[in-house]
>>> print(open('final11.cif').read())   # mmCIF, C-alpha atoms and all ligand atoms
data_input
loop_
_atom_site.label_atom_id
_atom_site.label_comp_id
_atom_site.auth_asym_id
_atom_site.auth_seq_id
_atom_site.Cartn_x
_atom_site.Cartn_y
_atom_site.Cartn_z
CA MET A 1 -3.48 -20.60 -12.24
CA THR A 2 -3.05 -23.52 -9.84
CA VAL A 3 -1.97 -22.36 -6.40
CA ASP A 4 -0.02 -24.84 -4.36
CA VAL A 5 -1.74 -24.16 -1.04
CA SER A 6 0.61 -26.43 0.88
CA THR A 7 3.61 -24.31 -0.20
CA LEU A 8 1.93 -21.18 1.12
CA GLU A 9 0.96 -22.98 4.33
CA ALA A 10 4.53 -24.18 4.78
CA LEU A 11 5.78 -20.62 4.33
CA LEU A 12 3.24 -19.25 6.81
CA SER A 13 4.18 -21.94 9.32
CA THR A 14 7.72 -20.51 9.45
CA GLN A 15 6.30 -17.32 10.95
CA PRO A 16 6.44 -16.76 14.72
CA ALA A 17 3.28 -17.37 16.74
CA PHE A 18 1.37 -14.21 17.62
CA GLU A 19 1.47 -14.44 21.43
CA GLN A 20 -1.53 -13.39 23.51
CA GLY A 21 -1.01 -10.03 25.19
CA SER A 22 1.32 -8.72 22.48
CA VAL A 23 1.10 -6.11 19.71
CA TRP A 24 2.38 -6.46 16.15
CA LEU A 25 2.93 -3.26 14.18
CA VAL A 26 2.55 -4.32 10.60
CA GLY A 27 2.93 -2.55 7.26
CA ALA A 28 0.02 -3.32 4.95
CA GLY A 29 1.80 -2.01 1.86
CA PRO A 30 0.50 0.62 -0.56
CA GLY A 31 -2.89 -0.91 -1.37
CA ASP A 32 -2.64 -3.87 -3.71
CA PRO A 33 -3.05 -7.01 -1.53
CA ALA A 34 -0.49 -8.74 -3.77
CA LEU A 35 2.16 -6.49 -2.20
CA LEU A 36 1.52 -7.79 1.33
CA THR A 37 4.38 -9.66 2.98
CA VAL A 38 4.00 -13.25 4.17
CA ALA A 39 4.59 -11.91 7.70
CA ALA A 40 1.67 -9.50 7.31
CA LEU A 41 -0.56 -12.29 6.05
CA SER A 42 0.41 -14.44 9.04
CA ALA A 43 -0.43 -11.53 11.38
CA LEU A 44 -3.85 -11.12 9.76
CA ALA A 45 -4.56 -14.81 10.15
CA GLN A 46 -3.70 -14.88 13.86
CA ALA A 47 -4.93 -11.52 15.21
CA ASP A 48 -7.84 -11.15 17.65
CA LEU A 49 -8.12 -7.42 17.10
CA ILE A 50 -7.03 -5.21 14.18
CA VAL A 51 -6.52 -1.48 14.74
CA PHE A 52 -6.18 -0.05 11.23
CA ASP A 53 -5.49 3.28 9.52
CA ALA A 54 -7.46 5.05 6.80
CA LEU A 55 -5.08 4.02 4.02
CA VAL A 56 -5.34 0.29 4.68
CA ASP A 57 -7.10 -1.22 1.68
CA GLU A 58 -10.38 -2.97 2.50
CA ARG A 59 -9.33 -5.97 0.40
CA ILE A 60 -6.52 -6.49 2.89
CA LEU A 61 -8.81 -6.26 5.92
CA ALA A 62 -11.05 -8.82 4.26
CA LEU A 63 -8.20 -11.35 4.45
CA ALA A 64 -8.53 -11.56 8.25
CA PRO A 65 -10.93 -14.18 9.60
CA PRO A 66 -14.40 -12.85 10.54
CA ARG A 67 -13.73 -13.53 14.25
CA ALA A 68 -11.09 -10.75 14.33
CA GLU A 69 -12.52 -7.46 15.61
CA ARG A 70 -11.69 -4.46 13.39
CA ILE A 71 -11.26 -0.97 14.87
CA PHE A 72 -10.76 2.07 12.63
CA ALA A 73 -8.13 4.52 13.92
CA GLY A 74 -7.65 6.93 11.04
CA LYS A 75 -9.02 10.10 9.55
CA ARG A 76 -12.27 9.93 7.60
CA GLY A 77 -14.53 12.40 5.78
CA GLY A 78 -12.65 15.54 6.80
CA LYS A 79 -13.08 14.73 10.50
CA PRO A 80 -10.01 15.11 12.72
CA SER A 81 -7.84 12.00 13.11
CA VAL A 82 -8.16 9.84 16.17
CA ASP A 83 -5.78 11.18 18.82
CA GLN A 84 -2.45 9.34 18.83
CA ARG A 85 -2.63 8.99 22.64
CA ASP A 86 -6.03 7.29 22.35
CA ILE A 87 -4.60 4.84 19.82
CA THR A 88 -1.63 3.87 21.98
CA ALA A 89 -3.89 3.62 25.04
CA LEU A 90 -6.17 1.26 23.10
CA LEU A 91 -3.24 -0.92 21.99
CA ILE A 92 -1.95 -1.17 25.56
CA GLU A 93 -5.39 -1.82 27.08
CA GLN A 94 -6.22 -4.56 24.58
CA ALA A 95 -2.83 -6.25 24.93
CA LYS A 96 -3.17 -6.18 28.73
CA ALA A 97 -6.56 -7.86 28.31
CA GLY A 98 -4.69 -10.75 26.70
CA HIS A 99 -5.55 -10.11 23.05
CA ARG A 100 -3.30 -10.48 20.03
CA VAL A 101 -3.40 -6.90 18.80
CA LEU A 102 -2.53 -6.14 15.18
CA ARG A 103 -1.72 -2.48 14.51
CA LEU A 104 -2.06 -2.33 10.75
CA LYS A 105 -0.65 0.69 8.94
CA GLY A 106 -0.53 1.67 5.29
CA GLY A 107 2.83 1.21 3.55
CA ASP A 108 5.65 0.76 6.05
CA PRO A 109 5.00 1.59 9.72
CA PHE A 110 8.26 3.54 9.96
CA VAL A 111 7.94 5.67 6.84
CA PHE A 112 5.96 8.69 8.02
CA GLY A 113 3.79 6.22 9.92
CA ARG A 114 4.35 7.18 13.57
CA GLY A 115 5.56 3.65 14.25
CA GLY A 116 8.28 4.98 16.54
CA GLU A 117 5.86 6.73 18.87
CA GLU A 118 3.71 3.64 19.20
CA CYS A 119 6.69 1.36 19.86
CA ALA A 120 8.02 3.74 22.51
CA ALA A 121 4.64 3.77 24.29
CA LEU A 122 4.41 -0.04 24.15
CA ALA A 123 7.95 -0.38 25.53
CA ARG A 124 7.14 2.01 28.39
CA ALA A 125 4.07 -0.05 29.23
CA GLY A 126 6.08 -3.29 29.14
CA ILE A 127 4.02 -4.76 26.26
CA PRO A 128 5.91 -7.16 23.98
CA TYR A 129 5.75 -6.10 20.36
CA ARG A 130 7.02 -7.06 16.92
CA ILE A 131 7.52 -4.83 13.88
CA VAL A 132 6.80 -6.07 10.37
CA PRO A 133 8.00 -3.79 7.57
CA GLY A 134 5.82 -3.11 4.56
CA VAL A 135 6.24 -1.88 1.00
CA THR A 136 6.12 1.88 1.25
CA ALA A 137 3.72 3.77 -1.04
CA GLY A 138 6.47 6.05 -2.34
CA LEU A 139 8.63 3.33 -3.83
CA ALA A 140 5.73 1.14 -4.99
CA GLY A 141 4.02 4.21 -6.45
CA LEU A 142 7.06 5.19 -8.48
CA ILE A 143 7.44 1.82 -10.09
CA SER A 144 3.74 1.38 -10.75
CA ALA A 145 4.03 4.59 -12.76
CA ARG A 146 7.07 3.08 -14.52
CA ILE A 147 9.48 5.52 -12.85
CA PRO A 148 12.72 3.93 -11.62
CA THR A 149 13.74 4.86 -8.07
CA THR A 150 17.39 4.96 -9.12
CA MET A 151 18.87 4.67 -12.57
CA ARG A 152 22.60 4.38 -13.18
CA GLY A 153 23.87 7.58 -14.74
CA VAL A 154 20.77 9.53 -13.72
CA ASN A 155 20.71 9.69 -9.93
CA GLN A 156 22.92 8.60 -7.06
CA GLY A 157 20.33 9.05 -4.34
CA ILE A 158 16.74 10.03 -3.72
CA PHE A 159 15.36 12.36 -1.07
CA LEU A 160 12.24 11.07 0.69
CA ALA A 161 10.34 13.73 2.60
CA THR A 162 6.98 14.75 3.93
CA GLY A 163 5.56 17.96 2.50
CA HIS A 164 3.33 18.33 5.52
CA GLY A 165 5.23 21.08 7.34
CA ALA A 166 6.41 22.98 4.24
CA GLY A 167 6.40 26.72 4.75
CA ASP A 168 5.75 26.44 8.51
CA ASN A 169 8.85 28.44 9.34
CA GLY A 170 10.55 27.35 12.49
CA ALA A 171 8.39 24.25 12.90
CA ALA A 172 10.32 21.16 13.92
CA ASP A 173 9.25 19.34 10.77
CA SER A 174 9.96 22.12 8.29
CA ILE A 175 12.60 21.48 5.61
CA ASP A 176 14.98 23.88 3.86
CA TRP A 177 13.71 23.22 0.32
CA ARG A 178 16.25 25.60 -1.20
CA LEU A 179 18.97 23.34 0.15
CA VAL A 180 17.14 20.25 -1.14
CA ALA A 181 17.09 21.84 -4.62
CA ARG A 182 20.88 22.00 -4.51
CA LEU A 183 21.30 18.26 -3.84
CA GLY A 184 20.78 17.60 -7.54
CA GLN A 185 18.92 14.38 -6.71
CA PRO A 186 15.25 13.49 -7.22
CA ILE A 187 12.71 14.20 -4.50
CA LEU A 188 9.93 11.85 -3.46
CA LEU A 189 7.23 13.51 -1.41
CA TYR A 190 4.51 12.14 0.84
CA MET A 191 1.62 14.28 2.12
CA ALA A 192 2.62 17.16 -0.16
CA MET A 193 -0.50 17.89 -2.21
CA ARG A 194 -1.65 20.90 -0.21
CA LYS A 195 1.86 22.34 0.05
CA LEU A 196 2.87 22.09 -3.61
CA PRO A 197 2.77 25.88 -4.26
CA ILE A 198 5.21 26.67 -1.46
CA ILE A 199 7.44 23.67 -2.21
CA ARG A 200 7.64 24.66 -5.89
CA GLU A 201 8.41 28.27 -5.02
CA GLN A 202 11.23 27.30 -2.68
CA LEU A 203 12.74 24.66 -4.98
CA VAL A 204 12.86 27.17 -7.84
CA ALA A 205 14.35 29.77 -5.47
CA GLY A 206 17.01 27.15 -4.62
CA GLY A 207 17.94 26.85 -8.30
CA MET A 208 15.92 23.85 -9.49
CA ALA A 209 14.96 24.28 -13.14
CA GLY A 210 11.28 24.85 -13.81
CA LYS A 211 11.39 22.27 -16.62
CA THR A 212 12.45 19.49 -14.21
CA PRO A 213 10.10 16.54 -14.86
CA ALA A 214 7.57 15.75 -12.15
CA ALA A 215 4.93 13.11 -11.52
CA VAL A 216 1.95 12.81 -9.19
CA ILE A 217 0.74 9.30 -8.48
CA VAL A 218 -2.66 9.03 -6.81
CA SER A 219 -3.91 5.88 -5.04
CA ALA A 220 -0.88 3.97 -6.24
CA THR A 221 -1.30 0.23 -6.87
CA SER A 222 -5.07 0.41 -6.32
CA PRO A 223 -7.72 0.17 -9.05
CA LYS A 224 -8.13 3.95 -8.69
CA GLN A 225 -4.51 4.73 -9.54
CA GLN A 226 -3.95 7.89 -11.60
CA VAL A 227 -0.67 9.24 -12.91
CA LEU A 228 0.03 12.83 -13.88
CA ILE A 229 3.24 13.60 -15.73
CA THR A 230 4.16 17.27 -15.69
CA THR A 231 7.02 19.64 -14.81
CA LEU A 232 7.93 21.57 -11.68
CA ASP A 233 6.74 24.76 -13.40
CA GLN A 234 3.31 23.36 -14.16
CA ILE A 235 2.67 20.93 -11.31
CA VAL A 236 0.33 23.08 -9.21
CA GLU A 237 -1.87 24.09 -12.15
CA ASP A 238 -1.94 20.57 -13.62
CA VAL A 239 -2.92 18.98 -10.30
CA ALA A 240 -5.76 21.50 -9.97
CA MET A 241 -6.89 21.02 -13.57
CA ALA A 242 -6.93 17.24 -13.21
CA ARG A 243 -8.65 17.59 -9.80
CA LEU A 244 -6.26 15.16 -8.20
CA GLU A 245 -6.81 14.45 -4.51
CA PRO A 246 -4.72 12.65 -1.88
CA PRO A 247 -3.47 10.08 -1.21
CA ALA A 248 -0.71 10.85 -3.64
CA ILE A 249 3.02 10.81 -3.88
CA VAL A 250 4.95 13.39 -5.83
CA ALA A 251 8.22 12.74 -7.63
CA ILE A 252 10.38 15.60 -8.91
CA GLY A 253 13.55 14.91 -10.87
CA ASP A 254 15.07 13.40 -13.97
CA ILE A 255 14.06 9.83 -12.99
CA VAL A 256 10.52 10.78 -14.11
CA ALA A 257 11.71 11.15 -17.71
CA GLU A 258 13.21 7.65 -17.52
CA ARG A 259 9.68 6.27 -17.94
CA ARG A 260 10.41 6.15 -21.64
CA ARG A 261 13.04 3.44 -21.03
CA LEU A 262 10.50 1.34 -19.12
CA ALA A 263 7.91 1.80 -21.80
CA HIS A 264 7.53 -1.91 -22.48
CA ALA A 265 6.97 -2.93 -18.86
CA VAL A 266 3.60 -4.55 -18.29
CA GLU A 267 1.30 -1.57 -17.97
CA VAL A 268 0.09 -1.02 -14.43
CA VAL A 269 -0.96 2.58 -14.94
CA LEU A 270 -4.71 2.60 -15.22
CA ALA A 271 -5.27 6.23 -16.07
CA GLU A 272 -2.77 8.83 -17.14
CA VAL A 273 -3.87 12.41 -16.86
CA ALA A 274 -1.17 13.87 -19.10
CA GLU A 275 2.10 12.90 -20.71
C1 LIG B 301 0.83 9.21 6.91
S1 LIG B 301 1.65 8.86 5.39
C2 LIG B 301 1.86 7.13 5.56
C3 LIG B 301 2.88 6.55 4.64
C4 LIG B 301 3.01 5.05 4.78
N1 LIG B 301 3.49 4.70 6.09
C5 LIG B 301 3.91 4.43 3.71
O1 LIG B 301 4.98 3.92 4.02
O2 LIG B 301 3.51 4.44 2.53
C6 LIG B 301 0.33 9.00 4.25
C7 LIG B 301 0.80 9.46 2.89
O3 LIG B 301 1.40 8.38 2.19
C8 LIG B 301 1.15 8.50 0.81
N2 LIG B 301 0.38 7.34 0.38
C9 LIG B 301 -0.02 6.30 1.11
N3 LIG B 301 -0.63 5.37 0.36
C10 LIG B 301 -0.60 5.84 -0.91
C11 LIG B 301 -1.04 5.34 -2.16
N4 LIG B 301 -1.63 4.15 -2.27
N5 LIG B 301 -0.83 6.09 -3.26
C12 LIG B 301 -0.20 7.28 -3.19
N6 LIG B 301 0.24 7.80 -2.02
C13 LIG B 301 0.05 7.10 -0.90
C14 LIG B 301 0.38 9.81 0.62
O4 LIG B 301 1.33 10.83 0.42
C15 LIG B 301 -0.29 9.94 1.97
O5 LIG B 301 -0.65 11.28 2.24
#
>>> encode(input="final11.cif", output="structure tokens")
Amino acid sequence: MTVDVSTLEALLSTQPAFEQGSVWLVGAGPGDPALLTVAALSALAQADLIVFDALVDERILALAPPRAERIFAGKRGGKPSVDQRDITALLIEQAKAGHRVLRLKGGDPFVFGRGGEECAALARAGIPYRIVPGVTAGLAGLISARIPTTMRGVNQGIFLATGHGAGDNGAADSIDWRLVARLGQPILLYMAMRKLPIIREQLVAGGMAGKTPAAVIVSATSPKQQVLITTLDQIVEDVAMARLEPPAIVAIGDIVAERRRLAHAVEVVLAEVAE
């Protein structure tokens, strides 16, 4: 393939200059560098310092010039995550020192990405900042498993949620899953792998049929992508049997069965655990 470099350069030149002493919060997308935005690429090219999360693909970090310092601010090897206050303090300190600080987050910074907290802290400190949206793992993950997000005649909405606080009764981030079951719309879950037993129990208690199709998509859009197709009834056992580990998104609803209509799409699923 011949790439017209001047076209790409012209596109990049339309992007704002990354001013010294500012912070850009940028979504790095779900993993595949091809799903980066032009704005994210421009940020990578201009940054002095990149503060990145665990789910930022190393192929994306490699696109930044070697002169850019890279600082890891995620969770690794079962160790606790870096404290959010330490991250915001670092962003503020480095911006005050006159650097162009790129805060690079997996997916979209505002989809379960704590982008709001970081922006609020930057605003309080009087640091100029810009937000660059990214392709969120949930939506990219669905389509890379050939599952449509919406399909006319099948669903009129989709419920995006974190499974993180499931079952933590009274916690601010807990969700009434019985009520969600009654929406009659598909559910797309982030951070739900450890809470699948309780989520399943509550969805079934809310009236969702056990035979509702479900999918688990691991490391979506990366070379390690795996797709499990199952049902609500079987999801916990099938995930355990296939030894699937996060990061994964979970889709529950009739859109999963619509994969058959997308059967002739160019295959992006690298490994399917079950059909
Ligand atoms: C803290 S949230 C961040 C979400 C991110 N801001 C986004 O928009 O995709 C992390 C969760 O996102 C999901 N996730 C992120 N990247 C993923 C990927 N490549 N494949 C599957 N799930 C992913 C997983 O549920 C993971 O536990």
>>> residues_near_ligand(input="final11.cif", ligand="ligand LIG 301 (chain B)", cutoff="7 Å", atoms="all atoms listed in the file", output="JSON, numbers by chain")
{"A": [29, 30, 31, 55, 105, 106, 107, 108, 109, 110, 111, 112, 113, 135, 136, 137, 138, 141, 189, 190, 191, 192, 217, 218, 219, 220, 221, 222, 246, 247, 248, 249]}
>>> atom_distance(input="final11.cif", atom1="CA of Ala215 in chain A", atom2="CA of Ile252 in chain A")
6.5 Å
>>> atom_distance(input="final11.cif", atom1="CA of Glu245 in chain A", atom2="CA of Val216 in chain A")
10.1 Å
>>> closest_residue(input="final11.cif", among="A:Met208, A:Leu104, A:Ile131, A:Ile50", to="Leu183 in chain A", atoms="only C-alpha atoms")
A:Met208
>>> closest_residue(input="final11.cif", among="A:Glu19, A:Asp86, A:Asp32, A:Glu58", to="Gln46 in chain A", atoms="only C-alpha atoms")
A:Glu19
>>> closest_residue(input="final11.cif", among="A:Ala251, A:Val236, A:Ala40, A:Leu90", to="Pro213 in chain A", atoms="all atoms listed in the file")
A:Ala251
>>> atom_distance(input="final11.cif", atom1="CA of Asn155 in chain A", atom2="CA of Gln234 in chain A")
22.5 Å
>>> closest_residue(input="final11.cif", among="A:Gln202, A:Ser144, A:Ser81, A:Thr230", to="Leu35 in chain A", atoms="all atoms listed in the file")
A:Ser144
>>> residues_around(input="final11.cif", residues="Ile229 in chain A", least_positions_apart="5", cutoff="12 Å", atoms="only C-alpha atoms", output="PyMOL selection string")
chain A and resi 142+145-147+211-218+234-236+238-239+242+250-260+269+271-275
>>> residues_near_point(input="final11.cif", point="(5.1, -17.2, 8.7)", cutoff="10 Å", atoms="all atoms listed in the file", output="PyMOL selection string")
chain A and resi 8-17+37-43
>>> closest_residue(input="final11.cif", among="A:Arg103, A:Ala205, A:Ile143, A:Gly163", to="Val227 in chain A", atoms="all atoms listed in the file")
A:Ile143
>>> closest_residue(input="final11.cif", among="A:Ala120, A:Ile199, A:Ala125, A:Leu244", to="Lys96 in chain A", atoms="all atoms listed in the file")
A:Ala125
>>> residues_around(input="final11.cif", residues="Ser174 in chain A", least_positions_apart="6", cutoff="9 Å", atoms="all atoms listed in the file", output="PDB file with C-alpha atoms, keeping the file's coordinate frame")
ATOM      1  CA  GLY A 163       5.560  17.960   2.500  1.00  0.00           C
ATOM      2  CA  HIS A 164       3.330  18.330   5.520  1.00  0.00           C
ATOM      3  CA  GLY A 165       5.230  21.080   7.340  1.00  0.00           C
ATOM      4  CA  ALA A 166       6.410  22.980   4.240  1.00  0.00           C
ATOM      5  CA  GLY A 167       6.400  26.720   4.750  1.00  0.00           C
ATOM      6  CA  ASP A 168       5.750  26.440   8.510  1.00  0.00           C
TER       7      ASP A 168
END
>>> residues_near_point(input="final11.cif", point="(-8.5, -0.6, 7.6)", cutoff="12 Å", atoms="all atoms listed in the file", output="number ranges by chain")
A: 27-29, 31, 44, 49-64, 69-76, 102-106
